[in-house]
file start.cif (mmCIF, C-alpha atoms)
data_coords
loop_
_atom_site.label_atom_id
_atom_site.label_comp_id
_atom_site.auth_asym_id
_atom_site.auth_seq_id
_atom_site.Cartn_x
_atom_site.Cartn_y
_atom_site.Cartn_z
CA MET D 1 6.02 21.86 -0.65
CA LYS D 2 7.52 18.94 1.28
CA ALA D 3 7.40 15.53 -0.38
CA VAL D 4 9.06 12.12 -0.14
CA ALA D 5 10.53 11.25 -3.53
CA VAL D 6 13.30 9.43 -5.38
CA SER D 7 15.61 10.89 -8.01
CA LYS D 8 15.81 7.68 -10.06
CA PHE D 9 14.23 4.24 -10.27
CA GLY D 10 15.25 2.22 -7.26
CA GLY D 11 16.64 5.29 -5.52
CA THR D 12 16.57 6.00 -1.82
CA PRO D 13 13.45 7.95 -0.75
CA GLU D 14 14.27 11.42 0.55
CA LEU D 15 12.33 14.29 2.08
CA MET D 16 12.55 17.04 -0.56
CA GLU D 17 11.32 20.57 -1.06
CA LEU D 18 9.50 20.63 -4.42
CA PRO D 19 7.35 23.20 -6.25
CA LYS D 20 3.68 23.24 -5.35
CA PRO D 21 1.77 21.88 -8.37
CA THR D 22 -0.87 23.83 -10.27
CA PRO D 23 -4.03 22.14 -11.59
CA GLY D 24 -4.52 22.06 -15.35
CA ALA D 25 -7.73 21.61 -17.31
CA GLY D 26 -9.92 18.95 -15.71
CA GLU D 27 -7.65 18.64 -12.67
CA ILE D 28 -7.99 19.32 -8.97
CA LEU D 29 -5.31 20.41 -6.50
CA VAL D 30 -5.66 18.61 -3.17
CA HIS D 31 -4.04 19.83 0.04
CA LEU D 32 -3.32 16.42 1.49
CA GLY D 33 -3.85 15.60 5.13
CA ALA D 34 -2.74 11.98 4.89
CA ALA D 35 -1.50 9.26 2.56
CA SER D 36 -1.18 5.54 3.10
CA VAL D 37 1.40 2.88 2.35
CA ASN D 38 0.78 0.21 -0.29
CA PRO D 39 3.13 -2.44 -1.74
CA TYR D 40 2.45 -0.86 -5.15
CA ASP D 41 4.31 2.28 -3.98
CA TRP D 42 7.59 0.37 -4.07
CA LYS D 43 6.81 -1.20 -7.45
CA LEU D 44 6.26 2.24 -8.97
CA MET D 45 9.45 3.47 -7.32
CA ASN D 46 11.36 0.60 -8.93
CA GLY D 47 9.96 1.28 -12.42
CA VAL D 48 7.22 -1.32 -12.86
CA LEU D 49 5.52 1.01 -15.38
CA ASP D 50 8.70 2.20 -17.08
CA GLY D 51 8.07 2.09 -20.83
CA LYS D 52 4.31 1.82 -20.29
CA MET D 53 3.58 5.29 -18.91
CA PRO D 54 5.57 8.55 -18.76
CA HIS D 55 7.35 9.39 -15.51
CA VAL D 56 8.65 12.56 -13.87
CA PHE D 57 11.58 12.95 -11.48
CA PRO D 58 11.90 13.57 -8.68
CA LEU D 59 9.26 10.83 -8.48
CA VAL D 60 6.96 11.50 -5.52
CA LEU D 61 5.80 8.24 -3.92
CA GLY D 62 2.28 7.30 -2.97
CA VAL D 63 -0.98 6.42 -4.71
CA ASP D 64 -3.61 6.85 -1.97
CA GLY D 65 -4.47 10.09 -0.25
CA ALA D 66 -7.07 12.23 1.47
CA GLY D 67 -7.41 15.95 1.97
CA VAL D 68 -9.22 19.10 0.89
CA VAL D 69 -9.58 20.50 -2.62
CA GLU D 70 -7.67 23.79 -2.66
CA ALA D 71 -8.09 24.72 -6.33
CA VAL D 72 -9.71 23.40 -9.49
CA GLY D 73 -8.65 23.71 -13.10
CA PRO D 74 -10.81 24.80 -16.04
CA GLY D 75 -13.69 22.46 -16.82
CA VAL D 76 -13.88 20.68 -13.46
CA THR D 77 -17.45 19.76 -12.56
CA ARG D 78 -17.24 16.90 -10.02
CA PHE D 79 -15.51 18.84 -7.25
CA ALA D 80 -15.36 22.33 -5.80
CA VAL D 81 -12.92 24.20 -3.59
CA ASP D 82 -13.10 23.04 0.07
CA ASP D 83 -14.50 19.59 -0.78
CA SER D 84 -13.07 16.87 1.46
CA VAL D 85 -11.93 14.03 -0.77
CA PHE D 86 -10.13 10.70 -0.76
CA GLY D 87 -9.07 8.25 -3.41
CA GLN D 88 -6.41 6.71 -5.58
CA PHE D 89 -4.28 9.33 -7.34
CA VAL D 90 -2.39 7.18 -9.89
CA HIS D 91 -2.20 8.91 -13.28
CA ALA D 92 0.24 9.90 -16.00
CA PRO D 93 2.89 11.04 -15.56
CA ILE D 94 3.83 8.68 -12.75
CA GLY D 95 5.58 10.56 -9.97
CA ILE D 96 2.90 13.03 -8.87
CA GLY D 97 2.24 11.03 -5.76
CA THR D 98 0.60 11.45 -2.38
CA TYR D 99 3.59 11.36 -0.03
CA ALA D 100 3.43 15.14 -0.26
CA GLU D 101 1.68 18.21 1.05
CA TYR D 102 -0.11 18.70 -2.29
CA ALA D 103 -1.08 16.60 -5.30
CA VAL D 104 -2.86 17.31 -8.55
CA ALA D 105 -5.04 14.73 -10.25
CA PRO D 106 -7.64 14.51 -13.02
CA GLU D 107 -11.11 14.76 -11.53
CA ASN D 108 -12.21 11.55 -13.31
CA LEU D 109 -9.93 9.31 -11.25
CA ALA D 110 -11.21 7.06 -8.46
CA ILE D 111 -11.51 10.04 -6.13
CA ASP D 112 -14.66 10.73 -4.13
CA GLN D 113 -16.16 12.81 -1.36
CA ARG D 114 -14.89 11.70 2.03
CA PRO D 115 -17.62 10.13 4.20
CA ARG D 116 -18.83 12.14 7.17
CA GLY D 117 -16.96 11.19 10.33
CA MET D 118 -13.98 9.64 8.54
CA TYR D 119 -10.65 11.28 9.39
CA ASN D 120 -7.95 11.89 6.78
CA ASP D 121 -5.72 9.08 8.02
CA GLN D 122 -8.63 6.62 7.81
CA ALA D 123 -9.74 7.87 4.41
CA ALA D 124 -6.24 7.61 2.95
CA ALA D 125 -6.05 3.99 4.11
CA VAL D 126 -9.15 2.86 2.24
CA PRO D 127 -8.71 3.23 -1.55
CA THR D 128 -6.30 0.65 -2.94
CA ALA D 129 -6.62 -1.98 -0.21
CA GLY D 130 -10.36 -1.52 0.24
CA MET D 131 -11.15 -1.53 -3.48
CA THR D 132 -8.92 -4.58 -4.08
CA ALA D 133 -10.71 -6.51 -1.33
CA LEU D 134 -14.10 -5.47 -2.69
CA VAL D 135 -13.25 -6.52 -6.25
CA ALA D 136 -11.81 -9.83 -5.03
CA LEU D 137 -15.00 -10.67 -3.14
CA ASP D 138 -17.09 -9.62 -6.15
CA GLN D 139 -15.09 -11.94 -8.40
CA LEU D 140 -15.31 -14.84 -5.97
CA GLY D 141 -19.11 -14.45 -6.05
CA LEU D 142 -19.75 -16.19 -2.73
CA SER D 143 -23.13 -16.62 -1.05
CA LYS D 144 -24.16 -16.52 2.58
CA GLY D 145 -22.84 -19.57 4.39
CA ASN D 146 -20.01 -20.26 1.92
CA SER D 147 -16.57 -20.77 3.44
CA LEU D 148 -13.63 -18.55 2.44
CA LEU D 149 -10.02 -19.11 3.50
CA ILE D 150 -8.01 -15.88 3.41
CA VAL D 151 -4.22 -16.25 3.51
CA GLY D 152 -2.43 -13.06 4.55
CA ALA D 153 -5.58 -11.92 6.29
CA ALA D 154 -3.95 -9.41 8.65
CA GLY D 155 -2.54 -7.12 5.95
CA GLY D 156 -4.25 -4.17 4.31
CA VAL D 157 -6.30 -6.04 1.70
CA GLY D 158 -6.93 -8.96 4.03
CA SER D 159 -8.25 -6.83 6.87
CA PHE D 160 -10.85 -5.33 4.51
CA ALA D 161 -11.67 -8.69 2.90
CA VAL D 162 -12.37 -10.29 6.29
CA GLN D 163 -14.90 -7.58 7.05
CA ILE D 164 -16.56 -7.48 3.65
CA GLY D 165 -16.89 -11.25 3.57
CA SER D 166 -18.17 -11.50 7.14
CA ASN D 167 -20.72 -8.74 6.55
CA ALA D 168 -22.07 -10.73 3.59
CA GLY D 169 -22.57 -13.81 5.75
CA VAL D 170 -19.52 -15.64 4.39
CA VAL D 171 -17.70 -17.89 6.87
CA THR D 172 -14.26 -16.28 6.88
CA LEU D 173 -11.26 -18.38 7.90
CA ALA D 174 -8.41 -15.97 8.54
CA GLY D 175 -4.88 -17.28 8.08
CA ALA D 176 -2.13 -15.10 9.57
CA ARG D 177 0.64 -15.02 12.16
CA PRO D 178 -0.45 -15.85 15.73
CA GLU D 179 0.03 -12.31 17.05
CA HIS D 180 -2.81 -11.16 14.78
CA ARG D 181 -5.45 -13.48 16.26
CA ASP D 182 -7.31 -10.89 18.38
CA PHE D 183 -7.09 -8.25 15.65
CA LEU D 184 -8.75 -10.52 13.10
CA HIS D 185 -11.44 -11.74 15.48
CA LYS D 186 -12.35 -8.10 16.17
CA LEU D 187 -12.72 -7.57 12.42
CA GLY D 188 -15.25 -10.39 12.28
CA ALA D 189 -13.23 -13.46 11.28
CA SER D 190 -15.21 -16.63 11.93
CA LEU D 191 -12.09 -18.66 12.67
CA PHE D 192 -8.42 -17.79 13.09
CA LEU D 193 -5.71 -20.13 11.81
CA ASP D 194 -1.97 -19.76 12.43
CA SER D 195 -0.60 -19.79 8.89
CA THR D 196 2.97 -20.13 10.19
CA ALA D 197 2.24 -23.41 12.02
CA SER D 198 3.33 -26.69 10.47
CA SER D 199 -0.20 -27.95 11.11
CA PHE D 200 -1.90 -25.10 9.19
CA HIS D 201 -3.11 -27.20 6.25
CA GLU D 202 -4.15 -30.08 8.52
CA ASP D 203 -6.05 -27.65 10.75
CA VAL D 204 -8.09 -26.43 7.77
CA ARG D 205 -8.78 -29.98 6.60
CA PHE D 206 -9.91 -30.98 10.10
CA GLY D 207 -12.73 -28.41 9.97
CA TYR D 208 -13.41 -28.80 6.23
CA PRO D 209 -12.52 -32.37 5.19
CA ASN D 210 -14.18 -31.90 1.80
CA GLY D 211 -12.48 -28.55 1.26
CA VAL D 212 -13.45 -24.91 1.68
CA ASP D 213 -15.58 -23.26 -0.98
CA ALA D 214 -13.04 -20.56 -1.84
CA LEU D 215 -9.51 -19.30 -1.27
CA LEU D 216 -8.31 -15.71 -1.37
CA ASP D 217 -4.51 -15.84 -1.23
CA LEU D 218 -2.79 -12.50 -0.75
CA ALA D 219 0.75 -13.77 -0.35
CA GLU D 220 1.69 -17.15 -1.75
CA THR D 221 3.08 -18.17 -5.14
CA GLY D 222 4.50 -21.33 -6.69
CA ALA D 223 4.52 -24.54 -4.67
CA ASP D 224 3.17 -22.81 -1.55
CA PHE D 225 0.13 -21.53 -3.43
CA GLU D 226 -0.41 -24.90 -5.11
CA ARG D 227 -0.38 -26.66 -1.74
CA THR D 228 -2.89 -24.23 -0.28
CA THR D 229 -5.25 -24.64 -3.24
CA SER D 230 -5.50 -28.31 -2.25
CA LEU D 231 -7.63 -27.08 0.66
CA VAL D 232 -10.37 -25.95 -1.76
CA ARG D 233 -13.11 -28.43 -2.69
CA ASN D 234 -13.29 -29.77 -6.22
CA GLY D 235 -15.18 -27.23 -8.32
CA GLY D 236 -14.42 -24.43 -5.87
CA ILE D 237 -12.85 -21.09 -6.68
CA VAL D 238 -9.47 -19.51 -5.89
CA ALA D 239 -8.23 -15.93 -6.21
CA SER D 240 -4.75 -14.46 -5.96
CA THR D 241 -3.64 -10.84 -5.72
CA VAL D 242 -0.05 -11.76 -6.64
CA GLY D 243 -0.71 -13.44 -10.00
CA ALA D 244 -0.38 -17.04 -8.79
CA VAL D 245 -3.45 -18.51 -10.55
CA SER D 246 -2.82 -20.52 -13.74
CA ASP D 247 -4.94 -22.81 -15.92
CA ALA D 248 -2.50 -25.66 -15.35
CA LEU D 249 -3.13 -25.45 -11.62
CA LEU D 250 -6.91 -25.22 -11.90
CA ALA D 251 -7.77 -27.77 -14.56
CA PRO D 252 -7.02 -31.10 -12.80
CA ARG D 253 -9.59 -30.40 -10.06
CA GLU D 254 -12.01 -28.29 -12.09
CA LEU D 255 -11.28 -25.25 -9.96
CA ARG D 256 -12.25 -21.81 -11.10
CA GLY D 257 -9.80 -19.02 -10.52
CA VAL D 258 -8.92 -15.39 -11.00
CA ASN D 259 -5.87 -13.19 -10.63
CA VAL D 260 -7.28 -10.05 -9.04
CA ASN D 261 -6.22 -6.88 -10.85
CA LEU D 262 -7.77 -3.66 -9.62
CA THR D 263 -9.18 -1.13 -12.05
CA ALA D 264 -10.00 1.64 -9.61
CA LYS D 265 -13.47 3.20 -9.89
CA SER D 266 -15.36 5.81 -7.90
CA GLU D 267 -18.31 3.43 -7.60
CA TYR D 268 -16.14 1.12 -5.49
CA LEU D 269 -15.35 4.00 -3.15
CA ASP D 270 -19.08 4.74 -2.97
CA ARG D 271 -19.76 1.19 -1.82
CA LEU D 272 -16.98 1.28 0.78
CA SER D 273 -18.19 4.66 2.02
CA ALA D 274 -21.72 3.28 2.41
CA MET D 275 -20.39 0.38 4.49
CA TYR D 276 -18.44 2.77 6.69
CA SER D 277 -21.41 5.09 7.17
CA LYS D 278 -23.56 2.12 8.24
CA GLY D 279 -20.97 1.10 10.82
CA ALA D 280 -20.20 -2.09 8.87
CA LEU D 281 -16.59 -1.26 8.02
CA ARG D 282 -13.71 -0.46 10.32
CA VAL D 283 -10.71 1.23 8.73
CA PRO D 284 -7.75 -0.68 10.22
CA VAL D 285 -5.13 2.06 10.63
CA GLU D 286 -2.59 0.35 12.87
CA GLN D 287 0.38 2.73 12.47
CA LYS D 288 0.82 6.43 11.77
CA ILE D 289 4.08 7.95 10.50
CA PRO D 290 4.69 11.69 10.02
CA LEU D 291 5.74 12.60 6.47
CA ALA D 292 9.16 13.78 7.65
CA ASN D 293 9.88 10.37 9.21
CA VAL D 294 8.97 8.28 6.17
CA PRO D 295 12.50 8.02 4.65
CA ASP D 296 13.87 6.55 7.87
CA ALA D 297 10.89 4.19 8.18
CA VAL D 298 11.00 2.85 4.61
CA PRO D 299 13.29 -0.15 5.30
CA ARG D 300 10.98 -1.30 8.08
CA ILE D 301 7.65 -0.79 6.32
CA ARG D 302 8.90 -2.32 3.06
CA GLY D 303 9.77 -5.50 4.92
CA GLY D 304 6.14 -6.62 4.92
CA GLY D 305 4.24 -8.42 7.65
CA ASN D 306 2.56 -5.22 8.80
CA ARG D 307 -0.88 -5.44 10.36
CA GLY D 308 -3.71 -3.45 8.82
CA LYS D 309 -2.78 -0.17 7.19
CA ILE D 310 0.02 2.34 7.73
CA ALA D 311 -1.04 5.98 7.38
CA ILE D 312 1.30 8.86 6.63
CA THR D 313 0.24 12.05 8.39
CA ILE D 314 0.94 15.28 6.54
#
call {"tool": "encode", "arguments": {"input": "start.cif", "output": "C-alpha cells"}}
result
Amino acid sequence: MKAVAVSKFGGTPELMELPKPTPGAGEILVHLGAASVNPYDWKLMNGVLDGKMPHVFPLVLGVDGAGVVEAVGPGVTRFAVDDSVFGQFVHAPIGIGTYAEYAVAPENLAIDQRPRGMYNDQAAAVPTAGMTALVALDQLGLSKGNSLLIVGAAGGVGSFAVQIGSNAGVVTLAGARPEHRDFLHKLGASLFLDSTASSFHEDVRFGYPNGVDALLDLAETGADFERTTSLVRNGGIVASTVGAVSDALLAPRELRGVNVNLTAKSEYLDRLSAMYSKGALRVPVEQKIPLANVPDAVPRIRGGGNRGKIAITI
C-alpha cells in the first residue's frame, strides 16, 4: 500500500510502498478514503510519545481518517465488513497512521459509523478538531447569552468551536486574521475581531468593558496569553489548548481555568454526527491534497495559519 511515513523521529516525510496491514483480534482493517491534517501529526512524528508508548518505523503519519471496513479480526462486534466509518486512529504502537491507503485499529477506539451524507474528506476532518472543540465547550460550561472570545478561531478547532458555541446560544467573538472575516461569519460568529491589529484588546474592551465571560485560546502562551486573559471578567473562565493556563495566572482575579486535553470517545463523535445530521454543523474542509502530494506540501501545511481543515484524499 502507499503511505506517507518517516524512517526516524524528525525525519522527512516520504511517499512509501509498505505492506498492507492485517487485523488482529479485536481489530478492524479500514480501506481509507481520506485523512486529515492535525498539529498533533507533527508532534508524533517528532517523538512526543517516545518512551511513553511503543513505536514502529517506518512511522506512518496521521491520526484521523475515514473509509470502509474491509476486514475484521476475531472477536470484533462493533463493526462489520463494508461499514463506512470515521474516527481517531491513535493506538499503540504509534506509527500505524492514516496517511495511507489502509490502517488497522482496535474497534474500541473513538471510531464510529459515518453519518449519512458525509463524504470521506469531511468525515476525516471531524474527529480530533471536532472532539477537542466539543470538550472545550463542555468544560467552559457556558449558558445561552454568555460571551466567549475565541482566539485562533479560523483554525480547525476554532472553526468547530465557533459553530458549537453559536448553536448553543453563546455570543461568540471570533479573533483571527482579517482575511478570515467572511469565513467565520458564515460559521455563525457573532462578532469578528482582527487579532493581528494593535487595537485588538481595546476593541474587545470597547464592547465588553467589564470583560467577556470566557476565553478559549487556541494559540497563545506566556505574556500574550496573560494579556488576553485580562479581557475576561473577574470570576470568569479561561481555557487553553496549548497548556497556557496556570494557577498563578488565575488566582489574582479569581478566574477559573482549564488546559483542554482530549481523551477521544465515540460518544463525542455521536454528538458531532447528530449536529451534522440536523444541519447544525458544517465541516470546514478548506483544502484537499492528494496523498502523493503530501510530502511536497508538508513545509507549507506545517507552517500554521491554515483556515479550517486540510483533508488528504486517498
call {"tool": "closest_atom_pairs", "arguments": {"input": "start.cif", "of": "segment 192-295 of chain D", "to": "segment 166-186 of chain D", "cutoff": "9 Å", "atoms": "all atoms listed in the file", "output": "tab-separated table"}}
result
residue	atom	partner	partner_atom	distance
D:Phe192	CA	D:Ala174	CA	4.9
D:Leu193	CA	D:Gly175	CA	4.8
D:Asp194	CA	D:Pro178	CA	5.3
D:Ser195	CA	D:Ala176	CA	5.0
D:Thr196	CA	D:Arg177	CA	6.0
D:Ala197	CA	D:Arg177	CA	8.5
D:Phe200	CA	D:Gly175	CA	8.4
D:Val204	CA	D:Leu173	CA	8.7
D:Ala280	CA	D:Asn167	CA	7.1
D:Leu281	CA	D:Asn167	CA	8.7
call {"tool": "resolve_selection", "arguments": {"input": "start.cif", "expression": "the PyMOL selection byres ((chain D and resi 3) around 8)", "output": "list of chain:residue names"}}
result
D:Met1, D:Lys2, D:Val4, D:Ala5, D:Leu15, D:Met16, D:Glu17, D:Leu18, D:Val60, D:Tyr99, D:Ala100, D:Glu101, D:Leu291
call {"tool": "residues_around", "arguments": {"input": "start.cif", "residues": "Asn306 of chain D", "least_positions_apart": "2", "cutoff": "8 Å", "atoms": "all atoms listed in the file", "output": "VMD selection string"}}
result
chain D and resid 154 to 155 301 304 308 to 309
call {"tool": "axis_aligned_box", "arguments": {"input": "start.cif", "around": "segment 222-238 of chain D", "padding_each_side": "3 Å", "output": "JSON"}}
result
{"center_x": -5.3, "center_y": -24.6, "center_z": -3.8, "size_x": 25.7, "size_y": 16.3, "size_z": 15.0}
call {"tool": "resolve_selection", "arguments": {"input": "start.cif", "expression": "the PyMOL selection byres ((chain D and resi 29) around 10)", "output": "list in words"}}
result
Lys20, Pro21, Thr22, Pro23, Gly24, Glu27, Ile28, Val30, His31, Leu32, Gly67, Val68, Val69, Glu70, Ala71, Val72, Gly73, Val81, Tyr102, Ala103, Val104, Ala105, Pro106 and Glu107 of chain D
call {"tool": "write_last_selection", "arguments": {"input": "start.cif", "atoms": "C-alpha atoms", "output": "short mmCIF file (atom, residue, chain, number, x, y, z; two decimals), keeping the file's coordinate frame"}}
result
data_model
loop_
_atom_site.label_atom_id
_atom_site.label_comp_id
_atom_site.auth_asym_id
_atom_site.auth_seq_id
_atom_site.Cartn_x
_atom_site.Cartn_y
_atom_site.Cartn_z
CA LYS D 20 3.68 23.24 -5.35
CA PRO D 21 1.77 21.88 -8.37
CA THR D 22 -0.87 23.83 -10.27
CA PRO D 23 -4.03 22.14 -11.59
CA GLY D 24 -4.52 22.06 -15.35
CA GLU D 27 -7.65 18.64 -12.67
CA ILE D 28 -7.99 19.32 -8.97
CA VAL D 30 -5.66 18.61 -3.17
CA HIS D 31 -4.04 19.83 0.04
CA LEU D 32 -3.32 16.42 1.49
CA GLY D 67 -7.41 15.95 1.97
CA VAL D 68 -9.22 19.10 0.89
CA VAL D 69 -9.58 20.50 -2.62
CA GLU D 70 -7.67 23.79 -2.66
CA ALA D 71 -8.09 24.72 -6.33
CA VAL D 72 -9.71 23.40 -9.49
CA GLY D 73 -8.65 23.71 -13.10
CA VAL D 81 -12.92 24.20 -3.59
CA TYR D 102 -0.11 18.70 -2.29
CA ALA D 103 -1.08 16.60 -5.30
CA VAL D 104 -2.86 17.31 -8.55
CA ALA D 105 -5.04 14.73 -10.25
CA PRO D 106 -7.64 14.51 -13.02
CA GLU D 107 -11.11 14.76 -11.53
#
call {"tool": "atom_distance", "arguments": {"input": "start.cif", "atom1": "atom CA of Leu191 of chain D", "atom2": "atom CA of Lys288 of chain D"}}
result
28.2 Å
call {"tool": "residues_near_point", "arguments": {"input": "start.cif", "point": "(-0.2, -21.5, -9.1)", "cutoff": "7 Å", "atoms": "all atoms listed in the file", "output": "PDB file with C-alpha atoms, in the frame of the given file"}}
result
ATOM      1  CA  THR D 221       3.080 -18.170  -5.140  1.00  0.00           C
ATOM      2  CA  GLY D 222       4.500 -21.330  -6.690  1.00  0.00           C
ATOM      3  CA  PHE D 225       0.130 -21.530  -3.430  1.00  0.00           C
ATOM      4  CA  GLU D 226      -0.410 -24.900  -5.110  1.00  0.00           C
ATOM      5  CA  ALA D 244      -0.380 -17.040  -8.790  1.00  0.00           C
ATOM      6  CA  VAL D 245      -3.450 -18.510 -10.550  1.00  0.00           C
ATOM      7  CA  SER D 246      -2.820 -20.520 -13.740  1.00  0.00           C
ATOM      8  CA  LEU D 249      -3.130 -25.450 -11.620  1.00  0.00           C
TER       9      LEU D 249
END
call {"tool": "atom_distance", "arguments": {"input": "start.cif", "atom1": "atom CA of Leu149 of chain D", "atom2": "atom CA of Lys278 of chain D"}}
result
25.6 Å
call {"tool": "atom_distance", "arguments": {"input": "start.cif", "atom1": "atom CA of His91 of chain D", "atom2": "atom CA of Pro74 of chain D"}}
result
18.3 Å
call {"tool": "resolve_selection", "arguments": {"input": "start.cif", "expression": "the PyMOL selection byres ((chain D and resi 96-98) around 7)", "output": "PyMOL selection string"}}
result
chain D and resi 35+59-65+89+93-95+99-100+103
call {"tool": "closest_residue", "arguments": {"input": "start.cif", "among": "D:Gly207, D:Val212, D:Ala189, D:Arg116", "to": "Leu148 of chain D", "atoms": "only C-alpha atoms"}}
result
D:Val212
call {"tool": "closest_residue", "arguments": {"input": "start.cif", "among": "D:Leu269, D:Met131, D:Ala214, D:Val6", "to": "Val85 of chain D", "atoms": "all atoms listed in the file"}}
result
D:Leu269
call {"tool": "closest_residue", "arguments": {"input": "start.cif", "among": "D:Thr229, D:Ser277, D:Ser198, D:Thr241", "to": "Leu262 of chain D", "atoms": "all atoms listed in the file"}}
result
D:Thr241
call {"tool": "closest_residue", "arguments": {"input": "start.cif", "among": "D:Asp213, D:Asp112, D:Asp83, D:Asp50", "to": "Glu267 of chain D", "atoms": "only C-alpha atoms"}}
result
D:Asp112
call {"tool": "closest_residue", "arguments": {"input": "start.cif", "among": "D:Ala133, D:Leu272, D:Ala251, D:Val294", "to": "Ile310 of chain D", "atoms": "only C-alpha atoms"}}
result
D:Val294
call {"tool": "closest_residue", "arguments": {"input": "start.cif", "among": "D:Gly188, D:Arg233, D:Ala223, D:Gly279", "to": "Arg205 of chain D", "atoms": "all atoms listed in the file"}}
result
D:Arg233
